[in-house]
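Asks: Got a structure here, written out as structure tokens. Questions coming.
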Amino acid sequence: MILGRRGTILAGGAVLAAPAVQAQGADGPIRIGEINSYSSQPAFLMPYRNGWTMAVDEANAAGGVNGRRIETVFRDDAGRPEDAVRHAGELINNERVHLLSGGFLSNVGLAIADFANQNRRLFVASEPLTDALVWARGNRYTFRLRPSTYMQCAMLVEEAAKLPARRWATVAPNYEYGQSAVRWFKELLTRAKPDVQFVAEQFPALGRIDAGATVQALAGANPEAIFNVTFAADLTNFVRQGSTRGLFDRRRVVSLLTGEPEYLDPLGDEAPENWIVTGYPWQELNTEGHRRFREAYRSRFRDHPRLGSVVAYDTVTAILAMLRKSGSTETDPMVEAMRGLRFNSAFGEAEVEFRALDHQSTLGAYVGRTAVRNGRGVMVDWHYADGRKYLPSDDVVRGLRPQA
Amino acid sequence: MIFGVTRIVNFAHGSFYMLGAYLAWTLVTNLPRGHLGFWGGVLAAALIVGVLGVLIEVLLLRRIYKAPELFQLLATFGVVLIVQDLALLTWGPQDLLGPRAPGLRGATEVLGVRFPLYELFLIAVGPVMLGLLWLLFHRTRWGTLVRAATADREMVGALGVNQRMLFTTVFFLGSVLAGLGGALQLPRESVNLQMDLAIIAEAFVVVVVGGLGSLPGAFLAALLIGQMQAFGILIFPKITLVLAFLVMAVVLVVRPHGLLGRAPSSAHAAQVVEPPLEATPGWGRILLLALLALAILVPPFLGDFALIVFTEIAIMVLFAASLHFIMGPGGMASFGHAAYFGLGAYGAGLLVKHLAAPMEVGLLAAPFAAGLAGFVFGWFCVRLSGVYAAMLTLAFAQIAWSAAFQWVEITGGDNGILGVWPSAWAQPKLVFYYLSLVLCVAATLLLRRAIFAPFGYALRAGRDSPLRAEAIGMDGFHIRWAAFTLAAVAAGIAGGLFAYSKGSVFPTYMAIPRSVDALLMVLLGGVQTISGPIVGALAYTWIHEQLMRLFELWRLFLGAVILLLVLFFPQGLAGVARRRA
């Protein structure tokens, strides 16, 4: 490496060689390389970054971990997995980070996970939902915080099975997340209620839904209930066209992620009522841990936390807990510490565990109904669905994760 | 309209549309409620966007009309990047939902189906706008001039018409309409930061399917694609990704000038004859050789990350050179060159995934996969000319992309193919870098050799004067077809190397942004120079990588850098070197 640095200087103005970081010693800061689609998904990731900064600052104010400060190097992948892989290389080789984290899009998460596996580095995936990340393509070095597509579908199926509806239609964005959500929902609901029938499915292109046509196509099949996976701009347009065209009259809707403030807030007073959703009821969630989190977030950013803020905060919390447990910044002890790691989420519910079995955390989600209060969409009648109850049995998981 | 008159491929049109929606949101939510507040806000937003359009035309585009064709595309792309970050700064990241239109909130029963009143209103707005524009173009002097300029710009100029004024007014009206389109979406859809890119590709498709410069054609095309969309999803719900491009491919194959477009009058259309290509001038050659020497000698002393970036730059040089080969000497722009890059990557990736093939086999398969696609797609594309050909390449690229995206069993869908790592001997970054360098430099030199071979001269003859070239017995079609295939092969090599350097293959490798990147590199370097793509790829990859790492608002900076380069180097970076030499 000494040669390397001199070479850098030799290359004169070799701008590529970026600030070589000396702080490798045992007393230097612990560096986390955080890669996310900041520029292409700002609605989720700006609150995410706030939550992240808050957690790191709190930790440093309390003296850091094992006497070392925490530093984060942020990189924007702009939604392109190939850029994420390049950043990962840069973070490891130039910035000398000790571990990687982040990932919003599933394919970005998978690309970093594969990179981490190849280079034997720890990767704590915060957000990507795809089941493949911990199952079909799971690896020794990758851990994931959020409840996966499967888990959130399982939470909703529990509620959907209680409805009298027999004829179901589905609508989902046309990419892996939408497709697997629909597949799991169908499979799990059919298992719970063998007489259900799926009469229509729509797969609008992500971010480019032709809402009028989609609504009409769903209405044409005359389902009794609808399973929705669209989110963000697609959801807004779908809801607007659907309510004007009466698609939701006398039909129950079960919807993934819609209760998250990221997606519920923009709908304002047009938020749909009485949908069964997964989400985050930040106003009403008054566990001790969450009250503290909400107030701290509010006083610092003059805004309420979004789910992204919680995900980031929890990711940092988990990493800190792992560092305390392992007492090391070498990859192998860190991986060992992650397996079975327990920590407290900003939700303030039961302890969350990173399962040694498949590296999935047992963080849950809130399931409830949507309603409009004071001109804004909120969740009501919600309860916390603990992630550990919505995972398949250990044997099934072993089958789904063949390589581990 | 803008395209018909000024021949500018205006990427920023989507940004105008998005700004129209954002401005309308701001105005409508701040003005008093009611008819005046709403409709006044919508119209005011459209007018403000029109003024912005004029500003961009006067300050930016007017300075570079003389630049080679498509160069303006680069400038408008810079505007797109800047607007994206400015909109994020101004209006924040959250989607905004505008109020519904007063008086048109509800729905009515049409044939037993509840139908929103506002949609009915929009259905009426379309034909009314078409009618108004028709009147404008056929009953006013200004409109006559615009139509004349669309048909034959040089002749209009020769007759003493003030072209500057014409261009500016056309740009104003075009921008107003884009802004109005965005503003009218307010009661239907949320306003968000993805609006610009979501609309722009489809807008181009509509314009090209309808036939360039034909308003009724565009209207017809919009109607056709809209209907196909509405009924197509009833039968094939997953067709949404690709439908518009499928329609375009079919239309262009059957009708090479769109539904209602006419073949450009070639009788006296001033064919810009490019000056003969010269080998890179002496000192330029020394510079390139020096760069190559640096690329060979320095890397052993660099860290791993610098090697990763160097590898990427080498690959991008070949990718840009392959696009340049058909764009410069071939005279055919390609908006979908990433298809061959991506197919090369998939050629390698699929072998790894399904047959566990080693890297050597994968790298061999990459050019074959890409070349085969180039051979098939090329047969359709090279029969067309100009923007139609470019759009057909885009259509094929999108079809290839959606196949990779949707065919989950084979390609892994958007989750891609993982574990495409080099063989053990090439694992060290330095070895892989030299492997990439050797392959890319060799392929680039081969392309250069082809340009100066009789084949290359024949290709350029066909570009500059198809009639004369045919008259002396050259088979333009087959020559272009071969060139297209060769370019695809070269892009495939680049794609295969890229797959192994990243360790994975994703549909994004052949998505539109990568095609745009290639275009930007070639244009930035200069289309009509040999060393252009090399310089362009170096500059663009390096600037992009640096800015993305250093700034959160990297799009803003990248856009600004592109604008500056465009203004100061209207012949491209290598072009200016040529002029000085």
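Chain labels run A, B, ... following the order of the structure tokens; each chain numbers its residues from 1, and ligands are numbered from 1 in the order shown.
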Would you please give, as a VMD selection string, all residues of segment 169-247 of chain B that DSSP assigns to helix (DSSP H, G or I) based on the backbone?
Replies: chain B and resid 169 to 184 195 to 210 215 to 235 237 to 241 243 to 247
Asks: I'd like to know which residues of segment 247-317 of chain A are strand (DSSP E or B) (by DSSP, run on the backbone); could you write them as a VMD selection string?
Replies: chain A and resid 252 to 259 276 to 279
Asks: Using the selection just defined, write its residues with N, CA and C atoms as a PDB file, in the first residue's frame.
Replies:
```pdb
ATOM      1  N   ARG A 252     -63.397  -3.916  -0.693  1.00  0.00           N
ATOM      2  CA  ARG A 252     -62.316  -3.763   0.266  1.00  0.00           C
ATOM      3  C   ARG A 252     -60.998  -3.764  -0.492  1.00  0.00           C
ATOM      4  N   VAL A 253     -60.079  -2.976   0.030  1.00  0.00           N
ATOM      5  CA  VAL A 253     -58.757  -2.928  -0.580  1.00  0.00           C
ATOM      6  C   VAL A 253     -57.724  -3.287   0.473  1.00  0.00           C
ATOM      7  N   VAL A 254     -56.832  -4.179   0.128  1.00  0.00           N
ATOM      8  CA  VAL A 254     -55.713  -4.544   0.992  1.00  0.00           C
ATOM      9  C   VAL A 254     -54.458  -4.062   0.277  1.00  0.00           C
ATOM     10  N   SER A 255     -53.631  -3.308   0.982  1.00  0.00           N
ATOM     11  CA  SER A 255     -52.607  -2.576   0.251  1.00  0.00           C
ATOM     12  C   SER A 255     -51.274  -2.574   0.994  1.00  0.00           C
ATOM     13  N   LEU A 256     -50.213  -2.899   0.277  1.00  0.00           N
ATOM     14  CA  LEU A 256     -48.870  -2.933   0.861  1.00  0.00           C
ATOM     15  C   LEU A 256     -48.294  -1.528   0.978  1.00  0.00           C
ATOM     16  N   LEU A 257     -47.683  -1.226   2.100  1.00  0.00           N
ATOM     17  CA  LEU A 257     -46.895  -0.009   2.314  1.00  0.00           C
ATOM     18  C   LEU A 257     -47.704   1.287   2.338  1.00  0.00           C
ATOM     19  N   THR A 258     -49.003   1.226   2.023  1.00  0.00           N
ATOM     20  CA  THR A 258     -49.749   2.467   1.862  1.00  0.00           C
ATOM     21  C   THR A 258     -49.850   3.265   3.158  1.00  0.00           C
ATOM     22  N   GLY A 259     -49.716   2.603   4.304  1.00  0.00           N
ATOM     23  CA  GLY A 259     -49.798   3.332   5.559  1.00  0.00           C
ATOM     24  C   GLY A 259     -48.511   4.046   5.929  1.00  0.00           C
ATOM     25  N   ILE A 276     -56.971  -1.761   4.216  1.00  0.00           N
ATOM     26  CA  ILE A 276     -56.131  -2.490   5.169  1.00  0.00           C
ATOM     27  C   ILE A 276     -54.698  -2.405   4.668  1.00  0.00           C
ATOM     28  N   VAL A 277     -53.823  -1.834   5.492  1.00  0.00           N
ATOM     29  CA  VAL A 277     -52.486  -1.511   4.986  1.00  0.00           C
ATOM     30  C   VAL A 277     -51.399  -1.899   5.987  1.00  0.00           C
ATOM     31  N   THR A 278     -50.159  -1.989   5.482  1.00  0.00           N
ATOM     32  CA  THR A 278     -49.000  -1.985   6.369  1.00  0.00           C
ATOM     33  C   THR A 278     -48.427  -0.577   6.351  1.00  0.00           C
ATOM     34  N   GLY A 279     -47.825  -0.174   7.451  1.00  0.00           N
ATOM     35  CA  GLY A 279     -47.308   1.186   7.489  1.00  0.00           C
ATOM     36  C   GLY A 279     -46.718   1.546   8.832  1.00  0.00           C
TER      37      GLY A 279
END
```
Asks: Which residues come within 8 Å of Ala198 of chain B, counting only C-alpha atoms, excluding same-chain residues fewer than 5 positions away, as a PyMOL selection string?
Replies: (chain A and resi 207-208) or (chain B and resi 14)
Asks: Kindly assemble as a tab-separated table a list of the chain B residues that lie within 6 Å of chain A, each paired with its nearest atom pair and their distance in Å to one decimal, using only C-alpha atoms, sorted first by chain and then by ascending residue number.
Replies:
```
residue	atom	partner	partner_atom	distance
B:Pro93	CA	A:Ala43	CA	4.6
B:Gln94	CA	A:Ala43	CA	4.9
B:Asp95	CA	A:Pro266	CA	5.8
B:Leu96	CA	A:Pro266	CA	5.8
B:Arg114	CA	A:Arg245	CA	5.1
B:Phe115	CA	A:Arg245	CA	5.7
B:Pro116	CA	A:Thr244	CA	6.0
B:Glu189	CA	A:Asn237	CA	5.0
B:Ala230	CA	A:Ala213	CA	5.0
B:Pro237	CA	A:Gln202	CA	5.1
B:Lys238	CA	A:Phe203	CA	5.3
B:Thr240	CA	A:Ala205	CA	5.6
B:Leu241	CA	A:Ala205	CA	5.5
B:Phe301	CA	A:Gly7	CA	4.4
B:Leu302	CA	A:Gly4	CA	5.1
B:Gly303	CA	A:Gly4	CA	5.5
B:Phe305	CA	A:Glu90	CA	5.2
B:Ala306	CA	A:Leu16	CA	5.8
B:Asn415	CA	A:Asn107	CA	4.7
```
Asks: Pick out the closest residue to Ser465 of chain B from this set: B:Leu81, B:Leu435, B:Ala537, B:Gly330. Count only C-alpha atoms.
Replies: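 The shortest atom-to-atom distance to Ser465 of chain B comes from B:Gly330.
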Asks: Hey, what's within 10 Å of Gln360 of chain A if we count only C-alpha atoms and toss same-chain stuff fewer than 3 positions away? As a list in words, please?
Replies: Ala125, Asp131, Leu133, Val134, Trp135, Gly138, Thr142, Phe143, Arg144, Leu145, Arg146, Pro147, Ser148, Arg339, Gly340, Glu353, Phe354, Arg355, Ala356, Leu357, Leu363, Gly387, Arg388 and Leu391 of chain A
Asks: Extract, using only C-alpha atoms, all DNA, RNA and protein residues at most 10 Å from Leu133 of chain B, discarding same-chain residues fewer than 5 positions from it, and format them as a PyMOL selection string.
Replies: chain B and resi 127-128+138-139+143+215
Asks: Take the residues just selected and output them with C-alpha atoms as a short mmCIF file (atom, residue, chain, number, x, y, z; two decimals), in the first residue's frame.
Replies:
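Output saved as out-v4.cif:
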```cif
data_model
loop_
_atom_site.label_atom_id
_atom_site.label_comp_id
_atom_site.auth_asym_id
_atom_site.auth_seq_id
_atom_site.Cartn_x
_atom_site.Cartn_y
_atom_site.Cartn_z
CA PRO B 127 -59.09 18.17 -30.60
CA VAL B 128 -59.68 21.82 -29.71
CA HIS B 138 -52.91 27.48 -42.06
CA ARG B 139 -54.48 30.88 -41.59
CA GLY B 143 -47.93 29.59 -39.46
CA LEU B 215 -49.58 17.65 -36.20
#
```
Asks: Tell me which protein, DNA and RNA residues are within 12 Å of Ile512 of chain B, counting only C-alpha atoms, leaving out same-chain ones fewer than 5 positions away, and put them as a CSV table (one decimal) with N, CA and C atoms, in the first residue's frame.
Replies:
```csv
chain,number,residue,atom,x,y,z
B,197,LEU,N,-38.7,12.5,-17.2
B,197,LEU,CA,-38.2,11.4,-18.0
B,197,LEU,C,-39.3,10.4,-18.3
B,198,ALA,N,-40.3,10.4,-17.5
B,198,ALA,CA,-41.4,9.5,-17.8
B,198,ALA,C,-42.1,9.9,-19.1
B,200,ILE,N,-40.9,12.0,-21.6
B,200,ILE,CA,-40.1,12.4,-22.8
B,200,ILE,C,-40.0,11.3,-23.8
B,201,ALA,N,-39.7,10.1,-23.4
B,201,ALA,CA,-39.5,9.0,-24.3
B,201,ALA,C,-40.8,8.8,-25.1
B,334,SER,N,-27.7,6.6,-33.3
B,334,SER,CA,-28.4,5.5,-32.7
B,334,SER,C,-28.8,5.9,-31.3
B,335,PHE,N,-30.1,5.8,-31.0
B,335,PHE,CA,-30.5,6.2,-29.6
B,335,PHE,C,-30.6,4.9,-28.7
B,336,GLY,N,-30.3,3.8,-29.3
B,336,GLY,CA,-30.4,2.6,-28.6
B,336,GLY,C,-29.2,1.7,-28.6
B,337,HIS,N,-28.0,2.4,-28.6
B,337,HIS,CA,-26.8,1.6,-28.7
B,337,HIS,C,-26.5,0.7,-27.5
B,338,ALA,N,-27.1,1.1,-26.4
B,338,ALA,CA,-26.9,0.3,-25.1
B,338,ALA,C,-27.4,-1.1,-25.3
B,339,ALA,N,-28.3,-1.3,-26.3
B,339,ALA,CA,-28.9,-2.7,-26.5
B,339,ALA,C,-27.7,-3.6,-26.7
B,341,PHE,N,-24.5,-3.2,-26.0
B,341,PHE,CA,-23.7,-3.3,-24.8
B,341,PHE,C,-24.3,-4.3,-23.8
B,342,GLY,N,-25.6,-4.1,-23.6
B,342,GLY,CA,-26.3,-4.9,-22.7
B,342,GLY,C,-26.4,-6.4,-23.1
B,391,MET,N,-34.7,6.4,-33.9
B,391,MET,CA,-35.8,6.0,-33.0
B,391,MET,C,-36.1,4.5,-33.2
B,393,THR,N,-33.8,2.2,-33.6
B,393,THR,CA,-32.8,1.6,-32.8
B,393,THR,C,-33.3,1.7,-31.3
B,394,LEU,N,-33.9,2.8,-31.0
B,394,LEU,CA,-34.4,3.0,-29.6
B,394,LEU,C,-35.5,1.9,-29.3
B,395,ALA,N,-36.4,1.8,-30.3
B,395,ALA,CA,-37.5,0.8,-30.1
B,395,ALA,C,-36.9,-0.6,-29.9
B,396,PHE,N,-35.9,-1.0,-30.7
B,396,PHE,CA,-35.4,-2.3,-30.5
B,396,PHE,C,-34.7,-2.4,-29.2
B,397,ALA,N,-34.0,-1.4,-28.8
B,397,ALA,CA,-33.3,-1.4,-27.5
B,397,ALA,C,-34.3,-1.6,-26.4
B,398,GLN,N,-35.4,-0.9,-26.5
B,398,GLN,CA,-36.4,-1.0,-25.4
B,398,GLN,C,-37.0,-2.4,-25.4
B,399,ILE,N,-37.2,-3.0,-26.6
B,399,ILE,CA,-37.8,-4.3,-26.6
B,399,ILE,C,-36.8,-5.3,-26.0
B,400,ALA,N,-35.5,-5.1,-26.3
B,400,ALA,CA,-34.5,-6.0,-25.7
B,400,ALA,C,-34.5,-5.8,-24.2
B,401,TRP,N,-34.6,-4.5,-23.8
B,401,TRP,CA,-34.5,-4.2,-22.4
B,401,TRP,C,-35.7,-4.9,-21.7
B,402,SER,N,-36.9,-4.8,-22.3
B,402,SER,CA,-38.1,-5.3,-21.5
B,402,SER,C,-38.0,-6.8,-21.5
B,507,PRO,N,-30.7,-5.3,-16.2
B,507,PRO,CA,-31.4,-4.6,-17.3
B,507,PRO,C,-30.9,-3.2,-17.5
B,517,ASP,N,-25.9,8.1,-22.3
B,517,ASP,CA,-24.5,8.3,-21.9
B,517,ASP,C,-23.6,8.1,-23.1
B,518,ALA,N,-23.8,7.1,-23.9
B,518,ALA,CA,-23.0,6.8,-25.1
B,518,ALA,C,-23.1,8.0,-26.0
B,519,LEU,N,-24.3,8.5,-26.3
B,519,LEU,CA,-24.5,9.6,-27.2
B,519,LEU,C,-23.7,10.8,-26.6
```
Asks: Figure out the distance between atom CA of Trp91 of chain B and atom CA of Asn30 of chain B, please, to one decimal in Å.
Replies: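 Taking atom CA of Asn30 of chain B as the start and atom CA of Trp91 of chain B as the end point, the length is 13.9 Å.
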Asks: What lies within 12 Å of Val170 of chain B using only C-alpha atoms, ignoring chain neighbours under 5 positions off, as a list in words?
Replies: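 Everything that qualifies: Met1, Ile2, Phe3, Gly4, Val5, Thr6, Arg7, Ile8, Gly50, Val51, Gly53, Val54, Glu57, Leu136, Phe137, Trp142, Gly143, Leu145, Val146, Arg147, Ala149, Thr150, Gln163, Arg164, Met165, Ser175, Val176 and Leu177 of chain B.
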Asks: Let me make sure I understand: among A:Pro164, A:Ile30, A:Glu349, A:Thr370, which one has the smallest atom-to-atom distance to Asn66 of chain A if we use only C-alpha atoms?
Replies: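 The answer is A:Ile30, which sits nearest to Asn66 of chain A.
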Asks: Please, what distance in Å, to one decimal, runs between atom CA of Leu135 of chain B and atom CA of His13 of chain B?
Replies: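 So the answer is 23.6 Å.
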Asks: In Å, how far is it from atom CA of Met548 of chain B to atom CA of Leu70 of chain B?
Replies: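 Atom CA of Leu70 of chain B lies at a distance of 25.6 Å from atom CA of Met548 of chain B.
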Asks: Using only C-alpha atoms, find the one residue out of A:Pro392, A:Gly102, A:Gly64, A:Tyr366 that sits nearest to Tyr313 of chain A.
Replies: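 Closest residue, counting only C-alpha atoms: A:Gly102.
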